[in-house]
Amino acid sequence: QILMEKDPMEVADAYRSKYLYERDAVDKLIEETWKGDTLNFSNIDYQQLSRLTEGAFASACDAYTDGQEFEEYSGWCLGVEQFMTKLGLFELKARLCEIYLEGVKKRDEFRFDSEYDENKRYRFQFTRDLVWAYHRLKEGEQAVRVMGSYQTELLLRYGIHYERLPFSLYLTGLVFQDMGDEDTAIWYLERSIELSEKLGDQDTHPDSAASPGITARNALGYIYTDLREFRKARDLFKEAQDKRPASDRKGQWTGHHNTARMYLRWMQQEAAEDPASPKIDEYRREAEGHCASAEKLQKEGVILSPLDQNKARARKVILQIAETMQETVQNDDAPETMREIWKNAGYEDHLTGLCEQLQHLPARETVAALACIHHN
């Protein structure tokens, strides 16, 4: 009835009441999920979380009446959508960013968005996080569409020396990597490293304490691993780890995880070229060492999303199978047997993908093992 009367202040009051109710319900859900420094994923009711957060975001866009309320509601929405990264719920994160950006644009074209306070430029922050969500969902075309307008506006408004530009270049590189354009991805990642160093590594990754220059090195190492340029990849991973701040323990976990992947790929190539090479065992042990370091960080309190937990499980299963394979054929004279066996180790990315797709199923811990059996 109030909405039909269309009194602006009464309409805002109605939306505000709805927003406050849903906000409190979301805060309670998050509190139950986040206990101290521990995430309890078993407490998540995804349908309820999705319904309440989407409702609260939509109401927030219609409830504010001045700059102070806009800042308060936008700050809460930003914290909630960034919390979805910890849960690995990137599809929900993308929807929340879309609801906010479309809602505020339709309402008043971001009239209250700050021009001078970096932390209160909500349009840029939500747009950046939307691209990040698309990247994690492998939605390359959508990510490029949003990224292009975002980066162009950053350059036009703030220039090449804007401290947020290195992360924008890094994120563009990741998007082109998702689309399979390695050459363009490498170009953007190298520009991110150069500009980040030139600006003194002022900016940080929104999900870590590391600068874009550090995370770009890690991404470049990942690409060079896929291109089988393993020495380049190894050097980049080492540079990234050496430059990481001690506080970036999640970043250290990622670095160890990716380095283990690189040594596993290197081991596979060595086995294909020379099944008797002593380097095979050396690279396998290096991979196991980095997996152990990553696992140690997790035991010490590094919080992983279900998606990252599945990646770690898949890597561990593959390394165990690789060790068993090597022991089985150590006394076998037929190189072709060794080559055929090592081809199966190439299923690791496929297994990780299966784990990611099925991360919400109760059987997720057995997915990697079952897929290994299926693929011999």
# chains A, B, ... in the order shown; residues from 1 in each chain; ligands from 1
>>> residues_around(residues="region 254-260 of chain A", least_positions_apart="3", cutoff="8 Å", atoms="only C-alpha atoms", output="JSON list (two decimals) with all heavy atoms, in the first residue's frame")
[["chain", "number", "residue", "atom", "x", "y", "z"],
["A", 218, "ASN", "N", 52.99, -14.91, -10.16],
["A", 218, "ASN", "CA", 52.42, -16.25, -9.94],
["A", 218, "ASN", "C", 51.58, -16.69, -11.14],
["A", 218, "ASN", "O", 51.66, -17.83, -11.59],
["A", 218, "ASN", "CB", 51.57, -16.22, -8.67],
["A", 218, "ASN", "CG", 51.37, -17.59, -8.08],
["A", 218, "ASN", "OD1", 52.32, -18.29, -7.75],
["A", 218, "ASN", "ND2", 50.12, -18.00, -7.94],
["A", 222, "TYR", "N", 52.14, -19.78, -13.90],
["A", 222, "TYR", "CA", 51.10, -20.76, -14.24],
["A", 222, "TYR", "C", 51.01, -20.92, -15.77],
["A", 222, "TYR", "O", 50.92, -22.03, -16.28],
["A", 222, "TYR", "CB", 49.77, -20.29, -13.67],
["A", 222, "TYR", "CG", 48.72, -21.37, -13.54],
["A", 222, "TYR", "CD1", 48.53, -22.03, -12.34],
["A", 222, "TYR", "CD2", 47.91, -21.72, -14.63],
["A", 222, "TYR", "CE1", 47.57, -23.02, -12.21],
["A", 222, "TYR", "CE2", 46.94, -22.70, -14.51],
["A", 222, "TYR", "CZ", 46.78, -23.34, -13.29],
["A", 222, "TYR", "OH", 45.82, -24.33, -13.18],
["A", 234, "ARG", "N", 59.46, -21.80, -12.93],
["A", 234, "ARG", "CA", 60.09, -22.01, -11.62],
["A", 234, "ARG", "C", 60.65, -20.70, -11.08],
["A", 234, "ARG", "O", 60.45, -20.37, -9.90],
["A", 234, "ARG", "CB", 61.21, -23.04, -11.76],
["A", 234, "ARG", "CG", 61.99, -23.30, -10.48],
["A", 234, "ARG", "CD", 63.23, -24.14, -10.76],
["A", 234, "ARG", "NE", 64.12, -23.44, -11.69],
["A", 234, "ARG", "CZ", 65.15, -24.02, -12.30],
["A", 234, "ARG", "NH1", 65.42, -25.31, -12.09],
["A", 234, "ARG", "NH2", 65.92, -23.33, -13.12],
["A", 237, "PHE", "N", 57.76, -18.34, -9.95],
["A", 237, "PHE", "CA", 57.15, -18.78, -8.69],
["A", 237, "PHE", "C", 58.06, -18.44, -7.50],
["A", 237, "PHE", "O", 57.59, -18.01, -6.45],
["A", 237, "PHE", "CB", 56.88, -20.28, -8.72],
["A", 237, "PHE", "CG", 55.70, -20.67, -9.57],
["A", 237, "PHE", "CD1", 55.75, -21.80, -10.38],
["A", 237, "PHE", "CD2", 54.54, -19.92, -9.57],
["A", 237, "PHE", "CE1", 54.67, -22.17, -11.17],
["A", 237, "PHE", "CE2", 53.44, -20.28, -10.35],
["A", 237, "PHE", "CZ", 53.51, -21.41, -11.15],
["A", 240, "ALA", "N", 57.98, -14.70, -6.79],
["A", 240, "ALA", "CA", 56.71, -14.34, -6.14],
["A", 240, "ALA", "C", 56.74, -14.73, -4.67],
["A", 240, "ALA", "O", 56.35, -13.94, -3.80],
["A", 240, "ALA", "CB", 55.54, -15.02, -6.84],
["A", 241, "GLN", "N", 57.22, -15.95, -4.36],
["A", 241, "GLN", "CA", 57.27, -16.40, -2.97],
["A", 241, "GLN", "C", 58.24, -15.54, -2.15],
["A", 241, "GLN", "O", 57.96, -15.20, -1.00],
["A", 241, "GLN", "CB", 57.69, -17.87, -2.90],
["A", 241, "GLN", "CG", 56.63, -18.86, -3.35],
["A", 241, "GLN", "CD", 55.41, -18.91, -2.47],
["A", 241, "GLN", "OE1", 54.54, -18.04, -2.55],
["A", 241, "GLN", "NE2", 55.32, -19.93, -1.63],
["A", 250, "LYS", "N", 47.80, -17.08, 2.84],
["A", 250, "LYS", "CA", 47.00, -17.71, 1.79],
["A", 250, "LYS", "C", 47.74, -17.64, 0.45],
["A", 250, "LYS", "O", 47.73, -18.58, -0.34],
["A", 250, "LYS", "CB", 45.64, -17.01, 1.68],
["A", 250, "LYS", "CG", 44.75, -17.51, 0.54],
["A", 250, "LYS", "CD", 44.46, -19.01, 0.63],
["A", 250, "LYS", "CE", 43.35, -19.44, -0.32],
["A", 250, "LYS", "NZ", 43.65, -19.22, -1.75],
["A", 251, "GLY", "N", 48.43, -16.52, 0.20],
["A", 251, "GLY", "CA", 49.22, -16.40, -1.01],
["A", 251, "GLY", "C", 50.38, -17.38, -1.03],
["A", 251, "GLY", "O", 50.72, -17.93, -2.09],
["A", 263, "TYR", "N", 56.08, -28.68, -11.03],
["A", 263, "TYR", "CA", 57.02, -29.80, -10.96],
["A", 263, "TYR", "C", 56.37, -31.10, -11.44],
["A", 263, "TYR", "O", 57.03, -31.95, -12.04],
["A", 263, "TYR", "CB", 57.55, -29.96, -9.54],
["A", 263, "TYR", "CG", 58.75, -29.08, -9.26],
["A", 263, "TYR", "CD1", 58.68, -28.03, -8.34],
["A", 263, "TYR", "CD2", 59.96, -29.30, -9.92],
["A", 263, "TYR", "CE1", 59.78, -27.22, -8.09],
["A", 263, "TYR", "CE2", 61.06, -28.49, -9.68],
["A", 263, "TYR", "CZ", 60.97, -27.45, -8.76],
["A", 263, "TYR", "OH", 62.06, -26.65, -8.53],
["A", 264, "LEU", "N", 55.08, -31.26, -11.19],
["A", 264, "LEU", "CA", 54.39, -32.45, -11.69],
["A", 264, "LEU", "C", 54.37, -32.47, -13.22],
["A", 264, "LEU", "O", 54.61, -33.51, -13.86],
["A", 264, "LEU", "CB", 52.97, -32.50, -11.13],
["A", 264, "LEU", "CG", 52.12, -33.72, -11.51],
["A", 264, "LEU", "CD1", 52.81, -35.02, -11.10],
["A", 264, "LEU", "CD2", 50.75, -33.63, -10.86],
["A", 286, "GLU", "N", 60.12, -32.83, -5.42],
["A", 286, "GLU", "CA", 59.92, -31.38, -5.30],
["A", 286, "GLU", "C", 58.43, -31.07, -5.19],
["A", 286, "GLU", "O", 58.00, -30.25, -4.38],
["A", 286, "GLU", "CB", 60.51, -30.67, -6.51],
["A", 286, "GLU", "CG", 62.03, -30.61, -6.52],
["A", 286, "GLU", "CD", 62.59, -29.54, -5.59],
["A", 286, "GLU", "OE1", 61.79, -28.83, -4.94],
["A", 286, "GLU", "OE2", 63.82, -29.42, -5.52],
["A", 287, "ALA", "N", 57.63, -31.73, -6.03],
["A", 287, "ALA", "CA", 56.18, -31.51, -6.00],
["A", 287, "ALA", "C", 55.61, -31.91, -4.65],
["A", 287, "ALA", "O", 54.79, -31.19, -4.06],
["A", 287, "ALA", "CB", 55.50, -32.29, -7.12],
["A", 288, "GLU", "N", 56.05, -33.07, -4.14],
["A", 288, "GLU", "CA", 55.57, -33.53, -2.84],
["A", 288, "GLU", "C", 55.96, -32.56, -1.74],
["A", 288, "GLU", "O", 55.19, -32.30, -0.81],
["A", 288, "GLU", "CB", 56.15, -34.92, -2.54],
["A", 288, "GLU", "CG", 55.52, -36.03, -3.37],
["A", 288, "GLU", "CD", 56.17, -37.37, -3.13],
["A", 288, "GLU", "OE1", 57.32, -37.38, -2.61],
["A", 288, "GLU", "OE2", 55.55, -38.40, -3.46],
["A", 289, "GLY", "N", 57.18, -32.00, -1.83],
["A", 289, "GLY", "CA", 57.64, -31.05, -0.82],
["A", 289, "GLY", "C", 56.78, -29.80, -0.76],
["A", 289, "GLY", "O", 56.43, -29.32, 0.32],
["A", 290, "HIS", "N", 56.43, -29.28, -1.95],
["A", 290, "HIS", "CA", 55.60, -28.08, -1.97],
["A", 290, "HIS", "C", 54.17, -28.39, -1.53],
["A", 290, "HIS", "O", 53.52, -27.56, -0.88],
["A", 290, "HIS", "CB", 55.62, -27.46, -3.37],
["A", 290, "HIS", "CG", 56.88, -26.70, -3.65],
["A", 290, "HIS", "ND1", 57.12, -25.44, -3.16],
["A", 290, "HIS", "CD2", 57.99, -27.06, -4.35],
["A", 290, "HIS", "CE1", 58.31, -25.03, -3.57],
["A", 290, "HIS", "NE2", 58.87, -25.99, -4.28],
["A", 291, "CYS", "N", 53.67, -29.58, -1.86],
["A", 291, "CYS", "CA", 52.35, -29.99, -1.35],
["A", 291, "CYS", "C", 52.36, -30.07, 0.17],
["A", 291, "CYS", "O", 51.41, -29.65, 0.84],
["A", 291, "CYS", "CB", 51.96, -31.34, -1.93],
["A", 291, "CYS", "SG", 51.26, -31.24, -3.60],
["A", 293, "SER", "N", 54.33, -28.38, 2.19],
["A", 293, "SER", "CA", 54.39, -27.01, 2.72],
["A", 293, "SER", "C", 53.02, -26.35, 2.69],
["A", 293, "SER", "O", 52.63, -25.65, 3.64],
["A", 293, "SER", "CB", 55.38, -26.17, 1.90],
["A", 293, "SER", "OG", 56.69, -26.68, 2.02],
["A", 294, "ALA", "N", 52.27, -26.59, 1.61],
["A", 294, "ALA", "CA", 50.91, -26.03, 1.52],
["A", 294, "ALA", "C", 50.01, -26.64, 2.59],
["A", 294, "ALA", "O", 49.22, -25.94, 3.24],
["A", 294, "ALA", "CB", 50.34, -26.29, 0.13],
["A", 312, "ALA", "N", 43.58, -29.17, -3.70],
["A", 312, "ALA", "CA", 44.63, -29.81, -2.91],
["A", 312, "ALA", "C", 44.43, -31.32, -2.86],
["A", 312, "ALA", "O", 45.40, -32.09, -2.95],
["A", 312, "ALA", "CB", 44.64, -29.22, -1.50]]
>>> closest_residue(among="A:Tyr283, A:Glu194, A:Glu163, A:Arg51", to="Ala271 (chain A)", atoms="only C-alpha atoms")
A:Tyr283
>>> closest_residue(among="A:Ala233, A:Ala276, A:Leu20, A:Val80", to="Arg261 (chain A)", atoms="only C-alpha atoms")
A:Ala233
>>> residues_around(residues="Asp62 (chain A)", least_positions_apart="6", cutoff="9 Å", atoms="only C-alpha atoms", output="VMD selection string")
chain A and resid 11 to 12 15 to 16 103 to 104 107
>>> write_last_selection(atoms="N, CA, C and O atoms", output="PDB file, in the first residue's frame")
ATOM      1  N   VAL A  11       8.317   5.359   0.695  1.00  0.00           N
ATOM      2  CA  VAL A  11       8.863   4.243  -0.081  1.00  0.00           C
ATOM      3  C   VAL A  11      10.240   3.872   0.445  1.00  0.00           C
ATOM      4  O   VAL A  11      10.556   2.697   0.645  1.00  0.00           O
ATOM      5  N   ALA A  12      11.081   4.893   0.673  1.00  0.00           N
ATOM      6  CA  ALA A  12      12.423   4.641   1.201  1.00  0.00           C
ATOM      7  C   ALA A  12      12.347   3.978   2.568  1.00  0.00           C
ATOM      8  O   ALA A  12      13.136   3.069   2.881  1.00  0.00           O
ATOM      9  N   TYR A  15      11.528   0.261   2.100  1.00  0.00           N
ATOM     10  CA  TYR A  15      12.695  -0.489   1.654  1.00  0.00           C
ATOM     11  C   TYR A  15      13.745  -0.591   2.766  1.00  0.00           C
ATOM     12  O   TYR A  15      14.439  -1.604   2.894  1.00  0.00           O
ATOM     13  N   ARG A  16      13.878   0.474   3.554  1.00  0.00           N
ATOM     14  CA  ARG A  16      14.854   0.468   4.644  1.00  0.00           C
ATOM     15  C   ARG A  16      14.501  -0.598   5.668  1.00  0.00           C
ATOM     16  O   ARG A  16      15.378  -1.331   6.145  1.00  0.00           O
ATOM     17  N   GLY A 103      21.281  -1.663  -9.665  1.00  0.00           N
ATOM     18  CA  GLY A 103      20.327  -0.966  -8.811  1.00  0.00           C
ATOM     19  C   GLY A 103      20.695   0.481  -8.564  1.00  0.00           C
ATOM     20  O   GLY A 103      19.851   1.389  -8.682  1.00  0.00           O
ATOM     21  N   VAL A 104      21.980   0.725  -8.212  1.00  0.00           N
ATOM     22  CA  VAL A 104      22.398   2.106  -7.921  1.00  0.00           C
ATOM     23  C   VAL A 104      22.452   2.933  -9.196  1.00  0.00           C
ATOM     24  O   VAL A 104      22.096   4.118  -9.198  1.00  0.00           O
ATOM     25  N   ARG A 107      19.013   3.927  -9.947  1.00  0.00           N
ATOM     26  CA  ARG A 107      18.473   4.847  -8.926  1.00  0.00           C
ATOM     27  C   ARG A 107      18.960   6.276  -9.156  1.00  0.00           C
ATOM     28  O   ARG A 107      18.169   7.212  -9.234  1.00  0.00           O
TER      29      ARG A 107
END
>>> closest_residue(among="A:Ala292, A:Met262, A:Leu189, A:Leu130", to="Val146 (chain A)", atoms="only C-alpha atoms")
A:Leu130
>>> residues_around(residues="region 299-302 of chain A", least_positions_apart="3", cutoff="7 Å", atoms="only C-alpha atoms", output="VMD selection string")
chain A and resid 249 to 250 295 to 296
>>> select_by_dssp(residues="region 195-259 of chain A", states="helix (DSSP H, G or I)", output="number ranges by chain")
A: 195-198, 212-226, 230-243, 249-259
>>> write_last_selection(atoms="N, CA and C atoms", output="tab-separated table (two decimals), in the first residue's frame")
chain	number	residue	atom	x	y	z
A	195	LEU	N	54.47	-1.84	-13.94
A	195	LEU	CA	53.83	-0.65	-13.35
A	195	LEU	C	53.77	-0.77	-11.83
A	196	SER	N	53.55	-1.96	-11.32
A	196	SER	CA	53.50	-2.16	-9.87
A	196	SER	C	54.84	-1.79	-9.24
A	197	GLU	N	55.93	-2.22	-9.86
A	197	GLU	CA	57.26	-1.89	-9.33
A	197	GLU	C	57.54	-0.40	-9.45
A	198	LYS	N	57.11	0.19	-10.57
A	198	LYS	CA	57.33	1.63	-10.78
A	198	LYS	C	56.59	2.46	-9.74
A	212	PRO	N	49.78	-6.56	-6.77
A	212	PRO	CA	49.52	-7.19	-8.07
A	212	PRO	C	50.79	-7.66	-8.76
A	213	GLY	N	51.92	-6.97	-8.51
A	213	GLY	CA	53.18	-7.40	-9.11
A	213	GLY	C	53.58	-8.80	-8.68
A	214	ILE	N	53.26	-9.15	-7.44
A	214	ILE	CA	53.57	-10.48	-6.92
A	214	ILE	C	52.61	-11.51	-7.49
A	215	THR	N	51.32	-11.21	-7.44
A	215	THR	CA	50.33	-12.16	-7.94
A	215	THR	C	50.44	-12.33	-9.45
A	216	ALA	N	50.88	-11.28	-10.16
A	216	ALA	CA	51.07	-11.39	-11.61
A	216	ALA	C	52.21	-12.34	-11.93
A	217	ARG	N	53.26	-12.34	-11.11
A	217	ARG	CA	54.35	-13.30	-11.31
A	217	ARG	C	53.83	-14.73	-11.15
A	218	ASN	N	52.99	-14.91	-10.16
A	218	ASN	CA	52.42	-16.25	-9.94
A	218	ASN	C	51.58	-16.69	-11.14
A	219	ALA	N	50.77	-15.76	-11.67
A	219	ALA	CA	49.94	-16.08	-12.84
A	219	ALA	C	50.80	-16.37	-14.07
A	220	LEU	N	51.88	-15.60	-14.25
A	220	LEU	CA	52.78	-15.85	-15.38
A	220	LEU	C	53.43	-17.23	-15.26
A	221	GLY	N	53.82	-17.60	-14.03
A	221	GLY	CA	54.40	-18.92	-13.82
A	221	GLY	C	53.42	-20.02	-14.20
A	222	TYR	N	52.14	-19.78	-13.90
A	222	TYR	CA	51.10	-20.76	-14.24
A	222	TYR	C	51.01	-20.92	-15.77
A	223	ILE	N	51.03	-19.78	-16.49
A	223	ILE	CA	50.94	-19.84	-17.95
A	223	ILE	C	52.16	-20.54	-18.55
A	224	TYR	N	53.35	-20.16	-18.06
A	224	TYR	CA	54.57	-20.79	-18.60
A	224	TYR	C	54.63	-22.28	-18.27
A	225	THR	N	53.98	-22.68	-17.17
A	225	THR	CA	53.87	-24.12	-16.89
A	225	THR	C	53.07	-24.81	-17.98
A	226	ASP	N	51.94	-24.20	-18.36
A	226	ASP	CA	51.11	-24.78	-19.41
A	226	ASP	C	51.83	-24.77	-20.77
A	230	PHE	N	59.35	-24.59	-18.26
A	230	PHE	CA	59.36	-24.85	-16.82
A	230	PHE	C	60.39	-24.03	-16.06
A	231	ARG	N	61.52	-23.74	-16.66
A	231	ARG	CA	62.54	-22.95	-15.95
A	231	ARG	C	62.05	-21.52	-15.71
A	232	LYS	N	61.39	-20.94	-16.73
A	232	LYS	CA	60.78	-19.62	-16.55
A	232	LYS	C	59.73	-19.67	-15.43
A	233	ALA	N	58.89	-20.70	-15.46
A	233	ALA	CA	57.84	-20.83	-14.46
A	233	ALA	C	58.43	-20.96	-13.07
A	234	ARG	N	59.46	-21.80	-12.93
A	234	ARG	CA	60.09	-22.01	-11.62
A	234	ARG	C	60.65	-20.70	-11.08
A	235	ASP	N	61.34	-19.92	-11.92
A	235	ASP	CA	61.94	-18.67	-11.47
A	235	ASP	C	60.87	-17.66	-11.06
A	236	LEU	N	59.77	-17.61	-11.81
A	236	LEU	CA	58.69	-16.67	-11.47
A	236	LEU	C	58.02	-17.05	-10.16
A	237	PHE	N	57.76	-18.34	-9.95
A	237	PHE	CA	57.15	-18.78	-8.69
A	237	PHE	C	58.06	-18.44	-7.50
A	238	LYS	N	59.38	-18.64	-7.70
A	238	LYS	CA	60.32	-18.36	-6.61
A	238	LYS	C	60.36	-16.86	-6.31
A	239	GLU	N	60.39	-16.02	-7.36
A	239	GLU	CA	60.37	-14.57	-7.15
A	239	GLU	C	59.12	-14.15	-6.39
A	240	ALA	N	57.98	-14.70	-6.79
A	240	ALA	CA	56.71	-14.34	-6.14
A	240	ALA	C	56.74	-14.73	-4.67
A	241	GLN	N	57.22	-15.95	-4.36
A	241	GLN	CA	57.27	-16.40	-2.97
A	241	GLN	C	58.24	-15.54	-2.15
A	242	ASP	N	59.38	-15.19	-2.73
A	242	ASP	CA	60.38	-14.40	-2.01
A	242	ASP	C	59.87	-12.99	-1.71
A	243	LYS	N	59.02	-12.46	-2.59
A	243	LYS	CA	58.53	-11.09	-2.42
A	243	LYS	C	57.26	-11.01	-1.57
A	249	ARG	N	49.66	-15.41	4.08
A	249	ARG	CA	49.82	-16.85	4.21
A	249	ARG	C	48.96	-17.61	3.19
A	250	LYS	N	47.80	-17.08	2.84
A	250	LYS	CA	47.00	-17.71	1.79
A	250	LYS	C	47.74	-17.64	0.45
A	251	GLY	N	48.43	-16.52	0.20
A	251	GLY	CA	49.22	-16.40	-1.01
A	251	GLY	C	50.38	-17.38	-1.03
A	252	GLN	N	50.98	-17.60	0.14
A	252	GLN	CA	52.06	-18.59	0.22
A	252	GLN	C	51.51	-19.98	-0.12
A	253	TRP	N	50.31	-20.28	0.38
A	253	TRP	CA	49.68	-21.58	0.06
A	253	TRP	C	49.51	-21.71	-1.45
A	254	THR	N	48.99	-20.64	-2.10
A	254	THR	CA	48.78	-20.67	-3.55
A	254	THR	C	50.10	-20.88	-4.28
A	255	GLY	N	51.15	-20.19	-3.82
A	255	GLY	CA	52.46	-20.33	-4.46
A	255	GLY	C	52.99	-21.75	-4.38
A	256	HIS	N	52.89	-22.37	-3.20
A	256	HIS	CA	53.34	-23.76	-3.06
A	256	HIS	C	52.49	-24.70	-3.93
A	257	HIS	N	51.20	-24.45	-3.94
A	257	HIS	CA	50.28	-25.29	-4.72
A	257	HIS	C	50.62	-25.23	-6.21
A	258	ASN	N	50.84	-24.01	-6.74
A	258	ASN	CA	51.14	-23.87	-8.16
A	258	ASN	C	52.54	-24.40	-8.50
A	259	THR	N	53.48	-24.24	-7.57
A	259	THR	CA	54.83	-24.78	-7.82
A	259	THR	C	54.79	-26.30	-7.87
>>> atom_distance(atom1="CA of Thr172 (chain A)", atom2="CA of Leu227 (chain A)")
19.2 Å
>>> decode(residues="region 155-176 of chain A", atoms="N, CA and C atoms", output="short mmCIF file (atom, residue, chain, number, x, y, z; two decimals), in the first residue's frame")
data_model
loop_
_atom_site.label_atom_id
_atom_site.label_comp_id
_atom_site.auth_asym_id
_atom_site.auth_seq_id
_atom_site.Cartn_x
_atom_site.Cartn_y
_atom_site.Cartn_z
N LEU A 155 41.78 4.71 -16.78
CA LEU A 155 42.82 5.44 -17.50
C LEU A 155 42.39 6.87 -17.81
N LEU A 156 41.14 7.04 -18.26
CA LEU A 156 40.66 8.37 -18.63
C LEU A 156 40.56 9.29 -17.41
N ARG A 157 40.14 8.74 -16.28
CA ARG A 157 39.89 9.59 -15.11
C ARG A 157 41.14 9.82 -14.27
N TYR A 158 42.01 8.79 -14.19
CA TYR A 158 43.11 8.90 -13.22
C TYR A 158 44.51 8.75 -13.83
N GLY A 159 44.60 8.36 -15.10
CA GLY A 159 45.91 8.31 -15.75
C GLY A 159 46.67 7.02 -15.52
N ILE A 160 47.80 6.88 -16.22
CA ILE A 160 48.57 5.66 -16.22
C ILE A 160 49.23 5.37 -14.87
N HIS A 161 49.43 6.39 -14.05
CA HIS A 161 50.12 6.19 -12.78
C HIS A 161 49.16 6.02 -11.60
N TYR A 162 47.90 5.73 -11.90
CA TYR A 162 46.92 5.48 -10.85
C TYR A 162 47.26 4.18 -10.14
N GLU A 163 47.27 4.20 -8.81
CA GLU A 163 47.78 3.06 -8.04
C GLU A 163 46.93 1.81 -8.16
N ARG A 164 45.68 1.93 -8.64
CA ARG A 164 44.84 0.75 -8.81
C ARG A 164 45.02 0.10 -10.19
N LEU A 165 45.75 0.75 -11.08
CA LEU A 165 45.87 0.23 -12.44
C LEU A 165 46.66 -1.09 -12.52
N PRO A 166 47.73 -1.30 -11.71
CA PRO A 166 48.42 -2.59 -11.80
C PRO A 166 47.51 -3.79 -11.56
N PHE A 167 46.58 -3.66 -10.61
CA PHE A 167 45.65 -4.78 -10.40
C PHE A 167 44.72 -4.94 -11.58
N SER A 168 44.29 -3.82 -12.18
CA SER A 168 43.43 -3.89 -13.36
C SER A 168 44.14 -4.62 -14.50
N LEU A 169 45.43 -4.34 -14.71
CA LEU A 169 46.20 -5.01 -15.76
C LEU A 169 46.36 -6.49 -15.44
N TYR A 170 46.61 -6.79 -14.18
CA TYR A 170 46.74 -8.18 -13.73
C TYR A 170 45.45 -8.96 -14.00
N LEU A 171 44.32 -8.34 -13.64
CA LEU A 171 43.03 -9.00 -13.81
C LEU A 171 42.71 -9.19 -15.30
N THR A 172 43.08 -8.21 -16.13
CA THR A 172 42.88 -8.36 -17.58
C THR A 172 43.69 -9.54 -18.11
N GLY A 173 44.91 -9.69 -17.61
CA GLY A 173 45.74 -10.83 -18.01
C GLY A 173 45.09 -12.15 -17.66
N LEU A 174 44.51 -12.22 -16.46
CA LEU A 174 43.84 -13.46 -16.05
C LEU A 174 42.65 -13.78 -16.95
N VAL A 175 41.91 -12.74 -17.33
CA VAL A 175 40.73 -12.94 -18.17
C VAL A 175 41.15 -13.50 -19.53
N PHE A 176 42.21 -12.93 -20.13
CA PHE A 176 42.68 -13.45 -21.43
C PHE A 176 43.27 -14.85 -21.28
#
